[in-house]
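Everything on this sheet refers to the single structure shown next.
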Number of protein chains: 2
Amino acid sequence: MSAESMQDLFVEQLRDVYNAENQIVKALPKMVRTASSEELRNAFEEHLEQTKGQVERLEEVFQQLGLRARGTKCAGMEGLIEEAKEMMSEDYEESVMDAALIAAAQKVEHYEIAIYGTLRTWARRLGHDDVAELLQETLNEEGEADQKLTEIAESMVNVEAAETAR
Amino acid sequence: MSAESMQDLFVEQLRDVYNAENQIVKALPKMVRTASSEELRNAFEEHLEQTKGQVERLEEVFQQLGLRARGTKCAGMEGLIEEAKEMMSEDYEESVMDAALIAAAQKVEHYEIAIYGTLRTWARRLGHDDVAELLQETLNEEGEADQKLTEIAESMVNVEAAETAR
């Protein structure tokens, strides 16, 4: 085990997620505009602010590691955002588009849950305990954001079930 | 709410995940060959078999819906697999490559957790209860596979901590 090359991998993935977060900051405003349900629009708006905070938190991580904050192209997030854009270009009616937007957003959330979980574990492995705590904060926020989207998706099912039963 | 267009979205996303699963079946053998730790290699091999089972389960879903099983290009999974391939082309030493492989695999797992969670919720919304159960089975398997990878990643940290303490 060479600590140096594990450190290289860690920094590389930090740059990957820094780029991914910035891609999300650019993509979310269109999702806000496309959403019809007020609850969903609010959730996306809140998450946009939260994401900007996560970008700043990553900048703090780079600083603590003595590195300049910079991103490298994150192909995974590019694919996820391409999917979201494809969905938004479809001619769905409002409630169906909202369901599609939630699906796209949950893929993005889960990407982040995976990568922040990994980065947190690696930070511990490398002895960067303060950095691990910062990454854990973001991981918790992503988990909550995903849970919130699940609740909105499920409340849509329940509303329709109630309407059908009428 | 037009049940028809929600059904269209549901089928479209089933085709997306059917393509995604087939991409994983193609990508996993290289990950098995690249992994050094026997535990990780076994986990990938097991997951390859499980993924083939998930492909068959999706074929059962299509059949229950009276549809021919076919996929449409899943851009999200393409991006994730591109990332995994980039990682495998790096010149990491064995234990670092194993860590990188776990990271790549957990991104894939989380993509699937997100999409199967969505599909399960939509199946219920559309009244396809048997299909919802099939999708839940796969969702549980993906959750367990992700948990298994987390355990392997954490055991790597502990082994190194023990070696450092010696």
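Naming works like this for the structure tokens: A, B, ... for the chains as they're shown, residue 1 at the start of each chain, ligands 1 onward in shown order.
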Contacts from chain A to chain B, 9 Å maximum, only C-alpha atoms: show me the residue list as a ChimeraX atom specification. /A:1-2,5-6,9,74-83,92-97,99-100,102-104,106-115,117-119,121-122,124-126,150,153-154,156-158,160-161
As a ChimeraX atom specification, please: all residues of stretch 39-147 of chain B that backbone DSSP puts in helix (DSSP H, G or I). /B:39-64,75-88,94-125,129-147
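The interatomic distance for the pair atom CA of A:Gln54 and atom CA of A:Thr34 works out to 23.4 Å.
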Can you give me chain B superposed onto chain A, least-squares on all Cα in order, written as a tab-separated table (two decimals) with N, CA and C atoms, in the first residue's frame?
```
chain	number	residue	atom	x	y	z
B	1	MET	N	0.94	-1.21	0.03
B	1	MET	CA	0.07	-0.02	-0.01
B	1	MET	C	0.93	1.25	0.01
B	2	SER	N	0.84	2.03	-1.05
B	2	SER	CA	1.55	3.29	-1.07
B	2	SER	C	0.55	4.38	-0.75
B	3	ALA	N	0.77	5.05	0.38
B	3	ALA	CA	-0.17	6.09	0.81
B	3	ALA	C	-0.28	7.15	-0.29
B	4	GLU	N	0.81	7.40	-0.97
B	4	GLU	CA	0.82	8.42	-2.00
B	4	GLU	C	-0.17	8.12	-3.12
B	5	SER	N	-0.17	6.91	-3.62
B	5	SER	CA	-1.06	6.66	-4.74
B	5	SER	C	-2.53	6.58	-4.30
B	6	MET	N	-2.77	6.14	-3.04
B	6	MET	CA	-4.15	6.19	-2.52
B	6	MET	C	-4.57	7.66	-2.42
B	7	GLN	N	-3.63	8.50	-1.98
B	7	GLN	CA	-3.90	9.94	-1.91
B	7	GLN	C	-4.20	10.51	-3.31
B	8	ASP	N	-3.47	10.05	-4.32
B	8	ASP	CA	-3.71	10.50	-5.71
B	8	ASP	C	-5.14	10.16	-6.13
B	9	LEU	N	-5.54	8.91	-5.86
B	9	LEU	CA	-6.89	8.47	-6.22
B	9	LEU	C	-7.95	9.32	-5.50
B	10	PHE	N	-7.69	9.60	-4.23
B	10	PHE	CA	-8.60	10.40	-3.42
B	10	PHE	C	-8.77	11.80	-4.02
B	11	VAL	N	-7.65	12.42	-4.35
B	11	VAL	CA	-7.70	13.79	-4.90
B	11	VAL	C	-8.40	13.79	-6.27
B	12	GLU	N	-8.10	12.77	-7.06
B	12	GLU	CA	-8.73	12.64	-8.38
B	12	GLU	C	-10.27	12.56	-8.26
B	13	GLN	N	-10.72	11.79	-7.29
B	13	GLN	CA	-12.16	11.64	-7.11
B	13	GLN	C	-12.79	12.89	-6.48
B	14	LEU	N	-12.01	13.61	-5.70
B	14	LEU	CA	-12.51	14.90	-5.18
B	14	LEU	C	-12.72	15.87	-6.35
B	15	ARG	N	-11.79	15.83	-7.31
B	15	ARG	CA	-11.91	16.72	-8.48
B	15	ARG	C	-13.10	16.32	-9.35
B	16	ASP	N	-13.33	15.02	-9.41
B	16	ASP	CA	-14.47	14.47	-10.14
B	16	ASP	C	-15.79	14.98	-9.53
B	17	VAL	N	-15.90	14.89	-8.21
B	17	VAL	CA	-17.16	15.30	-7.56
B	17	VAL	C	-17.31	16.82	-7.55
B	18	TYR	N	-16.18	17.53	-7.52
B	18	TYR	CA	-16.24	19.00	-7.58
B	18	TYR	C	-16.82	19.42	-8.94
B	19	ASN	N	-16.39	18.75	-9.99
B	19	ASN	CA	-16.94	19.00	-11.32
B	19	ASN	C	-18.42	18.59	-11.37
B	20	ALA	N	-18.72	17.44	-10.77
B	20	ALA	CA	-20.11	16.94	-10.77
B	20	ALA	C	-21.05	17.94	-10.08
B	21	GLU	N	-20.63	18.46	-8.92
B	21	GLU	CA	-21.48	19.42	-8.19
B	21	GLU	C	-21.70	20.68	-9.02
B	22	ASN	N	-20.66	21.13	-9.71
B	22	ASN	CA	-20.81	22.32	-10.54
B	22	ASN	C	-21.74	22.07	-11.73
B	23	GLN	N	-21.71	20.85	-12.25
B	23	GLN	CA	-22.65	20.49	-13.32
B	23	GLN	C	-24.10	20.55	-12.78
B	24	ILE	N	-24.28	20.09	-11.53
B	24	ILE	CA	-25.63	20.09	-10.94
B	24	ILE	C	-26.13	21.52	-10.73
B	25	VAL	N	-25.22	22.39	-10.26
B	25	VAL	CA	-25.60	23.80	-10.05
B	25	VAL	C	-26.11	24.41	-11.37
B	26	LYS	N	-25.48	24.02	-12.48
B	26	LYS	CA	-25.91	24.54	-13.78
B	26	LYS	C	-27.22	23.92	-14.25
B	27	ALA	N	-27.44	22.65	-13.91
B	27	ALA	CA	-28.61	21.92	-14.44
B	27	ALA	C	-29.89	22.17	-13.65
B	28	LEU	N	-29.77	22.44	-12.36
B	28	LEU	CA	-30.96	22.51	-11.52
B	28	LEU	C	-31.95	23.63	-11.88
B	29	PRO	N	-31.48	24.83	-12.26
B	29	PRO	CA	-32.46	25.89	-12.56
B	29	PRO	C	-33.49	25.48	-13.62
B	30	LYS	N	-33.06	24.72	-14.64
B	30	LYS	CA	-34.02	24.27	-15.65
B	30	LYS	C	-35.01	23.27	-15.06
B	31	MET	N	-34.55	22.46	-14.12
B	31	MET	CA	-35.44	21.50	-13.47
B	31	MET	C	-36.48	22.24	-12.62
B	32	VAL	N	-36.03	23.31	-11.95
B	32	VAL	CA	-36.96	24.14	-11.16
B	32	VAL	C	-38.05	24.70	-12.10
B	33	ARG	N	-37.63	25.24	-13.25
B	33	ARG	CA	-38.59	25.85	-14.18
B	33	ARG	C	-39.53	24.82	-14.79
B	34	THR	N	-39.05	23.57	-14.95
B	34	THR	CA	-39.85	22.55	-15.61
B	34	THR	C	-40.86	21.89	-14.66
B	35	ALA	N	-40.55	21.91	-13.36
B	35	ALA	CA	-41.44	21.25	-12.39
B	35	ALA	C	-42.77	22.01	-12.26
B	36	SER	N	-43.86	21.27	-12.13
B	36	SER	CA	-45.19	21.89	-11.97
B	36	SER	C	-45.62	21.96	-10.52
B	37	SER	N	-45.39	20.88	-9.78
B	37	SER	CA	-45.82	20.85	-8.39
B	37	SER	C	-44.98	21.85	-7.59
B	38	GLU	N	-45.68	22.64	-6.78
B	38	GLU	CA	-44.98	23.66	-5.99
B	38	GLU	C	-44.02	23.00	-5.01
B	39	GLU	N	-44.46	21.87	-4.45
B	39	GLU	CA	-43.63	21.14	-3.48
B	39	GLU	C	-42.30	20.70	-4.12
B	40	LEU	N	-42.42	20.20	-5.36
B	40	LEU	CA	-41.23	19.73	-6.06
B	40	LEU	C	-40.33	20.91	-6.43
B	41	ARG	N	-40.95	21.99	-6.91
B	41	ARG	CA	-40.18	23.17	-7.28
B	41	ARG	C	-39.40	23.70	-6.07
B	42	ASN	N	-40.10	23.73	-4.92
B	42	ASN	CA	-39.42	24.18	-3.70
B	42	ASN	C	-38.27	23.25	-3.31
B	43	ALA	N	-38.51	21.94	-3.48
B	43	ALA	CA	-37.46	20.97	-3.13
B	43	ALA	C	-36.24	21.18	-4.01
B	44	PHE	N	-36.45	21.40	-5.31
B	44	PHE	CA	-35.32	21.64	-6.22
B	44	PHE	C	-34.61	22.96	-5.89
B	45	GLU	N	-35.41	23.98	-5.58
B	45	GLU	CA	-34.79	25.28	-5.23
B	45	GLU	C	-33.92	25.16	-3.99
B	46	GLU	N	-34.47	24.49	-2.99
B	46	GLU	CA	-33.71	24.25	-1.76
B	46	GLU	C	-32.44	23.48	-2.06
B	47	HIS	N	-32.59	22.47	-2.92
B	47	HIS	CA	-31.41	21.63	-3.20
B	47	HIS	C	-30.36	22.39	-3.99
B	48	LEU	N	-30.80	23.34	-4.80
B	48	LEU	CA	-29.83	24.18	-5.52
B	48	LEU	C	-28.99	24.98	-4.53
B	49	GLU	N	-29.65	25.57	-3.53
B	49	GLU	CA	-28.90	26.33	-2.51
B	49	GLU	C	-27.95	25.41	-1.75
B	50	GLN	N	-28.48	24.22	-1.40
B	50	GLN	CA	-27.69	23.24	-0.66
B	50	GLN	C	-26.45	22.80	-1.48
B	51	THR	N	-26.67	22.63	-2.79
B	51	THR	CA	-25.57	22.20	-3.66
B	51	THR	C	-24.48	23.27	-3.72
B	52	LYS	N	-24.92	24.54	-3.77
B	52	LYS	CA	-23.91	25.62	-3.75
B	52	LYS	C	-23.09	25.56	-2.45
B	53	GLY	N	-23.76	25.22	-1.35
B	53	GLY	CA	-23.06	25.06	-0.07
B	53	GLY	C	-22.09	23.88	-0.12
B	54	GLN	N	-22.48	22.83	-0.85
B	54	GLN	CA	-21.62	21.64	-0.95
B	54	GLN	C	-20.38	21.93	-1.79
B	55	VAL	N	-20.56	22.79	-2.80
B	55	VAL	CA	-19.40	23.23	-3.60
B	55	VAL	C	-18.41	23.96	-2.69
B	56	GLU	N	-18.95	24.86	-1.86
B	56	GLU	CA	-18.07	25.61	-0.93
B	56	GLU	C	-17.39	24.67	0.07
B	57	ARG	N	-18.15	23.65	0.52
B	57	ARG	CA	-17.58	22.69	1.47
B	57	ARG	C	-16.41	21.92	0.81
B	58	LEU	N	-16.58	21.60	-0.47
B	58	LEU	CA	-15.48	20.93	-1.18
B	58	LEU	C	-14.27	21.85	-1.30
B	59	GLU	N	-14.54	23.15	-1.49
B	59	GLU	CA	-13.42	24.11	-1.58
B	59	GLU	C	-12.66	24.14	-0.25
B	60	GLU	N	-13.43	23.99	0.85
B	60	GLU	CA	-12.79	23.92	2.18
B	60	GLU	C	-11.94	22.65	2.29
B	61	VAL	N	-12.45	21.55	1.73
B	61	VAL	CA	-11.70	20.28	1.75
B	61	VAL	C	-10.38	20.45	1.00
B	62	PHE	N	-10.44	21.03	-0.21
B	62	PHE	CA	-9.21	21.25	-0.99
B	62	PHE	C	-8.23	22.10	-0.18
B	63	GLN	N	-8.77	23.13	0.45
B	63	GLN	CA	-7.92	24.04	1.23
B	63	GLN	C	-7.23	23.30	2.38
B	64	GLN	N	-8.00	22.47	3.08
B	64	GLN	CA	-7.43	21.70	4.21
B	64	GLN	C	-6.33	20.76	3.74
B	65	LEU	N	-6.45	20.32	2.47
B	65	LEU	CA	-5.45	19.40	1.93
B	65	LEU	C	-4.28	20.16	1.27
B	66	GLY	N	-4.38	21.50	1.32
B	66	GLY	CA	-3.32	22.33	0.74
B	66	GLY	C	-3.34	22.34	-0.78
B	67	LEU	N	-4.54	22.14	-1.35
B	67	LEU	CA	-4.66	22.07	-2.81
B	67	LEU	C	-5.57	23.16	-3.33
B	68	ARG	N	-5.35	23.53	-4.58
B	68	ARG	CA	-6.23	24.46	-5.26
B	68	ARG	C	-7.49	23.69	-5.66
B	69	ALA	N	-8.66	24.30	-5.46
B	69	ALA	CA	-9.92	23.63	-5.85
B	69	ALA	C	-10.02	23.63	-7.37
B	70	ARG	N	-10.03	22.43	-7.97
B	70	ARG	CA	-10.33	22.38	-9.40
B	70	ARG	C	-10.98	21.04	-9.75
B	71	GLY	N	-11.80	21.06	-10.79
B	71	GLY	CA	-12.52	19.85	-11.19
B	71	GLY	C	-11.89	19.20	-12.40
B	72	THR	N	-12.20	17.91	-12.58
B	72	THR	CA	-11.86	17.24	-13.84
B	72	THR	C	-13.16	16.62	-14.34
B	73	LYS	N	-13.31	16.56	-15.64
B	73	LYS	CA	-14.56	16.10	-16.27
B	73	LYS	C	-15.12	14.84	-15.61
B	74	CYS	N	-16.36	14.93	-15.14
B	74	CYS	CA	-17.00	13.77	-14.52
B	74	CYS	C	-17.98	13.16	-15.53
B	75	ALA	N	-17.54	12.08	-16.19
B	75	ALA	CA	-18.34	11.46	-17.26
B	75	ALA	C	-19.66	10.89	-16.73
B	76	GLY	N	-19.63	10.38	-15.50
B	76	GLY	CA	-20.84	9.80	-14.92
B	76	GLY	C	-21.94	10.86	-14.80
B	77	MET	N	-21.58	12.02	-14.23
B	77	MET	CA	-22.60	13.07	-14.05
B	77	MET	C	-23.05	13.61	-15.40
B	78	GLU	N	-22.13	13.68	-16.36
B	78	GLU	CA	-22.53	14.13	-17.71
B	78	GLU	C	-23.63	13.24	-18.28
B	79	GLY	N	-23.46	11.91	-18.11
B	79	GLY	CA	-24.47	10.98	-18.58
B	79	GLY	C	-25.81	11.17	-17.88
B	80	LEU	N	-25.76	11.39	-16.56
B	80	LEU	CA	-27.00	11.56	-15.79
B	80	LEU	C	-27.72	12.84	-16.20
B	81	ILE	N	-26.95	13.88	-16.45
B	81	ILE	CA	-27.57	15.16	-16.82
B	81	ILE	C	-28.09	15.09	-18.26
B	82	GLU	N	-27.38	14.37	-19.11
B	82	GLU	CA	-27.88	14.14	-20.47
B	82	GLU	C	-29.25	13.45	-20.42
B	83	GLU	N	-29.37	12.45	-19.55
B	83	GLU	CA	-30.65	11.75	-19.38
B	83	GLU	C	-31.75	12.71	-18.91
B	84	ALA	N	-31.40	13.55	-17.95
B	84	ALA	CA	-32.38	14.51	-17.42
B	84	ALA	C	-32.84	15.46	-18.53
B	85	LYS	N	-31.89	15.90	-19.35
B	85	LYS	CA	-32.24	16.83	-20.45
B	85	LYS	C	-33.13	16.14	-21.48
B	86	GLU	N	-32.81	14.87	-21.79
B	86	GLU	CA	-33.65	14.11	-22.72
B	86	GLU	C	-35.09	14.05	-22.20
B	87	MET	N	-35.23	13.76	-20.90
B	87	MET	CA	-36.56	13.68	-20.29
B	87	MET	C	-37.31	15.01	-20.39
B	88	MET	N	-36.57	16.10	-20.12
B	88	MET	CA	-37.21	17.42	-20.12
B	88	MET	C	-37.65	17.84	-21.53
B	89	SER	N	-37.03	17.23	-22.55
B	89	SER	CA	-37.40	17.58	-23.93
B	89	SER	C	-38.63	16.78	-24.40
B	90	GLU	N	-39.08	15.81	-23.59
B	90	GLU	CA	-40.26	15.02	-23.97
B	90	GLU	C	-41.54	15.84	-23.74
B	91	ASP	N	-42.59	15.39	-24.39
B	91	ASP	CA	-43.85	16.13	-24.30
B	91	ASP	C	-44.81	15.48	-23.29
B	92	TYR	N	-44.34	15.34	-22.06
B	92	TYR	CA	-45.18	14.74	-21.02
B	92	TYR	C	-46.14	15.77	-20.45
B	93	GLU	N	-47.27	15.28	-19.99
B	93	GLU	CA	-48.12	16.22	-19.27
B	93	GLU	C	-47.54	16.47	-17.87
B	94	GLU	N	-48.08	17.50	-17.21
B	94	GLU	CA	-47.41	18.02	-16.01
B	94	GLU	C	-47.06	16.98	-14.95
B	95	SER	N	-48.04	16.16	-14.54
B	95	SER	CA	-47.77	15.25	-13.42
B	95	SER	C	-46.78	14.17	-13.83
B	96	VAL	N	-46.79	13.79	-15.10
B	96	VAL	CA	-45.84	12.78	-15.60
B	96	VAL	C	-44.43	13.38	-15.66
B	97	MET	N	-44.35	14.63	-16.13
B	97	MET	CA	-43.04	15.30	-16.16
B	97	MET	C	-42.48	15.43	-14.75
B	98	ASP	N	-43.33	15.74	-13.77
B	98	ASP	CA	-42.85	15.82	-12.39
B	98	ASP	C	-42.27	14.47	-11.94
B	99	ALA	N	-42.96	13.39	-12.29
B	99	ALA	CA	-42.46	12.05	-11.92
B	99	ALA	C	-41.11	11.79	-12.59
B	100	ALA	N	-41.00	12.20	-13.87
B	100	ALA	CA	-39.74	12.01	-14.60
B	100	ALA	C	-38.61	12.84	-13.98
B	101	LEU	N	-38.93	14.05	-13.56
B	101	LEU	CA	-37.92	14.92	-12.94
B	101	LEU	C	-37.42	14.34	-11.63
B	102	ILE	N	-38.35	13.77	-10.84
B	102	ILE	CA	-37.94	13.15	-9.57
B	102	ILE	C	-37.01	11.98	-9.85
B	103	ALA	N	-37.36	11.16	-10.86
B	103	ALA	CA	-36.52	10.01	-11.21
B	103	ALA	C	-35.11	10.47	-11.58
B	104	ALA	N	-35.04	11.50	-12.41
B	104	ALA	CA	-33.72	12.00	-12.84
B	104	ALA	C	-32.94	12.55	-11.65
B	105	ALA	N	-33.63	13.26	-10.77
B	105	ALA	CA	-32.95	13.85	-9.62
B	105	ALA	C	-32.47	12.78	-8.65
B	106	GLN	N	-33.25	11.69	-8.51
B	106	GLN	CA	-32.82	10.64	-7.58
B	106	GLN	C	-31.60	9.88	-8.11
B	107	LYS	N	-31.47	9.78	-9.44
B	107	LYS	CA	-30.25	9.18	-9.99
B	107	LYS	C	-29.04	10.05	-9.62
B	108	VAL	N	-29.22	11.36	-9.74
B	108	VAL	CA	-28.14	12.29	-9.40
B	108	VAL	C	-27.80	12.18	-7.90
B	109	GLU	N	-28.84	12.18	-7.05
B	109	GLU	CA	-28.62	12.05	-5.61
B	109	GLU	C	-27.84	10.79	-5.28
B	110	HIS	N	-28.24	9.68	-5.91
B	110	HIS	CA	-27.59	8.40	-5.58
B	110	HIS	C	-26.15	8.36	-6.08
B	111	TYR	N	-25.90	9.02	-7.19
B	111	TYR	CA	-24.51	9.13	-7.64
B	111	TYR	C	-23.69	9.79	-6.54
B	112	GLU	N	-24.24	10.84	-6.00
B	112	GLU	CA	-23.52	11.60	-4.97
B	112	GLU	C	-23.40	10.82	-3.67
B	113	ILE	N	-24.46	10.08	-3.31
B	113	ILE	CA	-24.40	9.25	-2.10
B	113	ILE	C	-23.25	8.25	-2.24
B	114	ALA	N	-23.14	7.64	-3.42
B	114	ALA	CA	-22.08	6.65	-3.64
B	114	ALA	C	-20.70	7.30	-3.52
B	115	ILE	N	-20.52	8.44	-4.19
B	115	ILE	CA	-19.17	9.00	-4.23
B	115	ILE	C	-18.78	9.63	-2.89
B	116	TYR	N	-19.73	10.30	-2.22
B	116	TYR	CA	-19.37	10.87	-0.92
B	116	TYR	C	-19.13	9.79	0.12
B	117	GLY	N	-19.86	8.66	0.02
B	117	GLY	CA	-19.60	7.54	0.94
B	117	GLY	C	-18.19	7.01	0.74
B	118	THR	N	-17.81	6.84	-0.51
B	118	THR	CA	-16.46	6.39	-0.84
B	118	THR	C	-15.40	7.38	-0.33
B	119	LEU	N	-15.61	8.66	-0.64
B	119	LEU	CA	-14.62	9.67	-0.27
B	119	LEU	C	-14.47	9.78	1.25
B	120	ARG	N	-15.57	9.64	1.96
B	120	ARG	CA	-15.54	9.70	3.43
B	120	ARG	C	-14.69	8.53	3.97
B	121	THR	N	-14.93	7.33	3.41
B	121	THR	CA	-14.17	6.15	3.84
B	121	THR	C	-12.67	6.32	3.52
B	122	TRP	N	-12.37	6.82	2.33
B	122	TRP	CA	-10.97	7.03	1.95
B	122	TRP	C	-10.31	8.10	2.81
B	123	ALA	N	-11.05	9.15	3.15
B	123	ALA	CA	-10.48	10.22	3.99
B	123	ALA	C	-10.05	9.64	5.34
B	124	ARG	N	-10.92	8.75	5.89
B	124	ARG	CA	-10.55	8.10	7.16
B	124	ARG	C	-9.31	7.24	6.98
B	125	ARG	N	-9.31	6.47	5.88
B	125	ARG	CA	-8.19	5.57	5.57
B	125	ARG	C	-6.87	6.33	5.49
B	126	LEU	N	-6.96	7.56	4.99
B	126	LEU	CA	-5.75	8.37	4.81
B	126	LEU	C	-5.44	9.25	6.03
B	127	GLY	N	-6.30	9.12	7.06
B	127	GLY	CA	-6.05	9.90	8.28
B	127	GLY	C	-6.49	11.36	8.21
B	128	HIS	N	-7.30	11.70	7.19
B	128	HIS	CA	-7.82	13.08	7.08
B	128	HIS	C	-9.17	13.17	7.82
B	129	ASP	N	-9.12	13.15	9.15
B	129	ASP	CA	-10.37	13.02	9.91
B	129	ASP	C	-11.28	14.23	9.78
B	130	ASP	N	-10.70	15.44	9.74
B	130	ASP	CA	-11.53	16.64	9.61
B	130	ASP	C	-12.23	16.67	8.26
B	131	VAL	N	-11.49	16.26	7.24
B	131	VAL	CA	-12.06	16.19	5.89
B	131	VAL	C	-13.18	15.15	5.85
B	132	ALA	N	-12.95	14.00	6.52
B	132	ALA	CA	-13.97	12.95	6.57
B	132	ALA	C	-15.27	13.49	7.17
B	133	GLU	N	-15.14	14.34	8.19
B	133	GLU	CA	-16.34	14.91	8.81
B	133	GLU	C	-17.09	15.84	7.86
B	134	LEU	N	-16.35	16.65	7.12
B	134	LEU	CA	-16.99	17.55	6.14
B	134	LEU	C	-17.74	16.73	5.09
B	135	LEU	N	-17.09	15.66	4.61
B	135	LEU	CA	-17.71	14.82	3.58
B	135	LEU	C	-18.95	14.11	4.14
B	136	GLN	N	-18.88	13.73	5.42
B	136	GLN	CA	-20.04	13.09	6.06
B	136	GLN	C	-21.23	14.06	6.11
B	137	GLU	N	-20.96	15.33	6.36
B	137	GLU	CA	-22.05	16.34	6.39
B	137	GLU	C	-22.79	16.37	5.06
B	138	THR	N	-22.01	16.40	3.97
B	138	THR	CA	-22.64	16.42	2.65
B	138	THR	C	-23.39	15.12	2.40
B	139	LEU	N	-22.77	14.01	2.79
B	139	LEU	CA	-23.42	12.69	2.61
B	139	LEU	C	-24.79	12.67	3.30
B	140	ASN	N	-24.85	13.23	4.51
B	140	ASN	CA	-26.13	13.27	5.23
B	140	ASN	C	-27.14	14.12	4.48
B	141	GLU	N	-26.69	15.27	3.97
B	141	GLU	CA	-27.61	16.14	3.22
B	141	GLU	C	-28.15	15.44	1.98
B	142	GLU	N	-27.28	14.71	1.27
B	142	GLU	CA	-27.72	14.01	0.06
B	142	GLU	C	-28.75	12.94	0.40
B	143	GLY	N	-28.50	12.23	1.50
B	143	GLY	CA	-29.44	11.20	1.94
B	143	GLY	C	-30.80	11.80	2.24
B	144	GLU	N	-30.79	12.96	2.93
B	144	GLU	CA	-32.06	13.62	3.26
B	144	GLU	C	-32.77	14.13	2.01
B	145	ALA	N	-32.00	14.67	1.07
B	145	ALA	CA	-32.60	15.18	-0.17
B	145	ALA	C	-33.26	14.03	-0.94
B	146	ASP	N	-32.59	12.88	-0.96
B	146	ASP	CA	-33.15	11.71	-1.65
B	146	ASP	C	-34.44	11.26	-0.96
B	147	GLN	N	-34.41	11.23	0.37
B	147	GLN	CA	-35.59	10.82	1.14
B	147	GLN	C	-36.78	11.75	0.86
B	148	LYS	N	-36.48	13.05	0.81
B	148	LYS	CA	-37.51	14.06	0.53
B	148	LYS	C	-38.16	13.80	-0.84
B	149	LEU	N	-37.33	13.48	-1.84
B	149	LEU	CA	-37.86	13.19	-3.18
B	149	LEU	C	-38.73	11.93	-3.17
B	150	THR	N	-38.30	10.92	-2.41
B	150	THR	CA	-39.11	9.70	-2.29
B	150	THR	C	-40.48	10.04	-1.70
B	151	GLU	N	-40.48	10.88	-0.67
B	151	GLU	CA	-41.75	11.27	-0.04
B	151	GLU	C	-42.65	12.00	-1.03
B	152	ILE	N	-42.07	12.90	-1.82
B	152	ILE	CA	-42.88	13.63	-2.80
B	152	ILE	C	-43.44	12.65	-3.83
B	153	ALA	N	-42.59	11.71	-4.31
B	153	ALA	CA	-43.04	10.72	-5.30
B	153	ALA	C	-44.18	9.88	-4.72
B	154	GLU	N	-44.03	9.47	-3.45
B	154	GLU	CA	-45.06	8.62	-2.85
B	154	GLU	C	-46.35	9.38	-2.58
B	155	SER	N	-46.22	10.66	-2.24
B	155	SER	CA	-47.44	11.44	-1.99
B	155	SER	C	-48.22	11.61	-3.29
B	156	MET	N	-47.50	11.64	-4.44
B	156	MET	CA	-48.19	11.70	-5.74
B	156	MET	C	-49.03	10.44	-5.94
B	157	VAL	N	-48.46	9.28	-5.59
B	157	VAL	CA	-49.19	8.01	-5.73
B	157	VAL	C	-50.45	8.04	-4.87
B	158	ASN	N	-50.30	8.53	-3.63
B	158	ASN	CA	-51.43	8.53	-2.71
B	158	ASN	C	-52.54	9.47	-3.16
B	159	VAL	N	-52.15	10.63	-3.67
B	159	VAL	CA	-53.15	11.59	-4.15
B	159	VAL	C	-53.98	10.95	-5.26
B	160	GLU	N	-53.26	10.27	-6.19
B	160	GLU	CA	-53.98	9.64	-7.30
B	160	GLU	C	-54.86	8.49	-6.83
B	161	ALA	N	-54.37	7.72	-5.87
B	161	ALA	CA	-55.18	6.61	-5.33
B	161	ALA	C	-56.45	7.16	-4.72
B	162	ALA	N	-56.33	8.29	-3.99
B	162	ALA	CA	-57.50	8.90	-3.36
B	162	ALA	C	-58.48	9.40	-4.42
B	163	GLU	N	-57.92	9.97	-5.50
B	163	GLU	CA	-58.79	10.49	-6.57
B	163	GLU	C	-59.53	9.35	-7.27
B	164	THR	N	-58.84	8.23	-7.48
B	164	THR	CA	-59.42	7.08	-8.13
B	164	THR	C	-60.53	6.50	-7.27
B	165	ALA	N	-60.34	6.53	-5.94
B	165	ALA	CA	-61.30	5.92	-5.01
B	165	ALA	C	-62.58	6.74	-4.88
B	166	ARG	N	-62.48	8.01	-5.29
B	166	ARG	CA	-63.63	8.93	-5.11
B	166	ARG	C	-64.86	8.49	-5.90
```
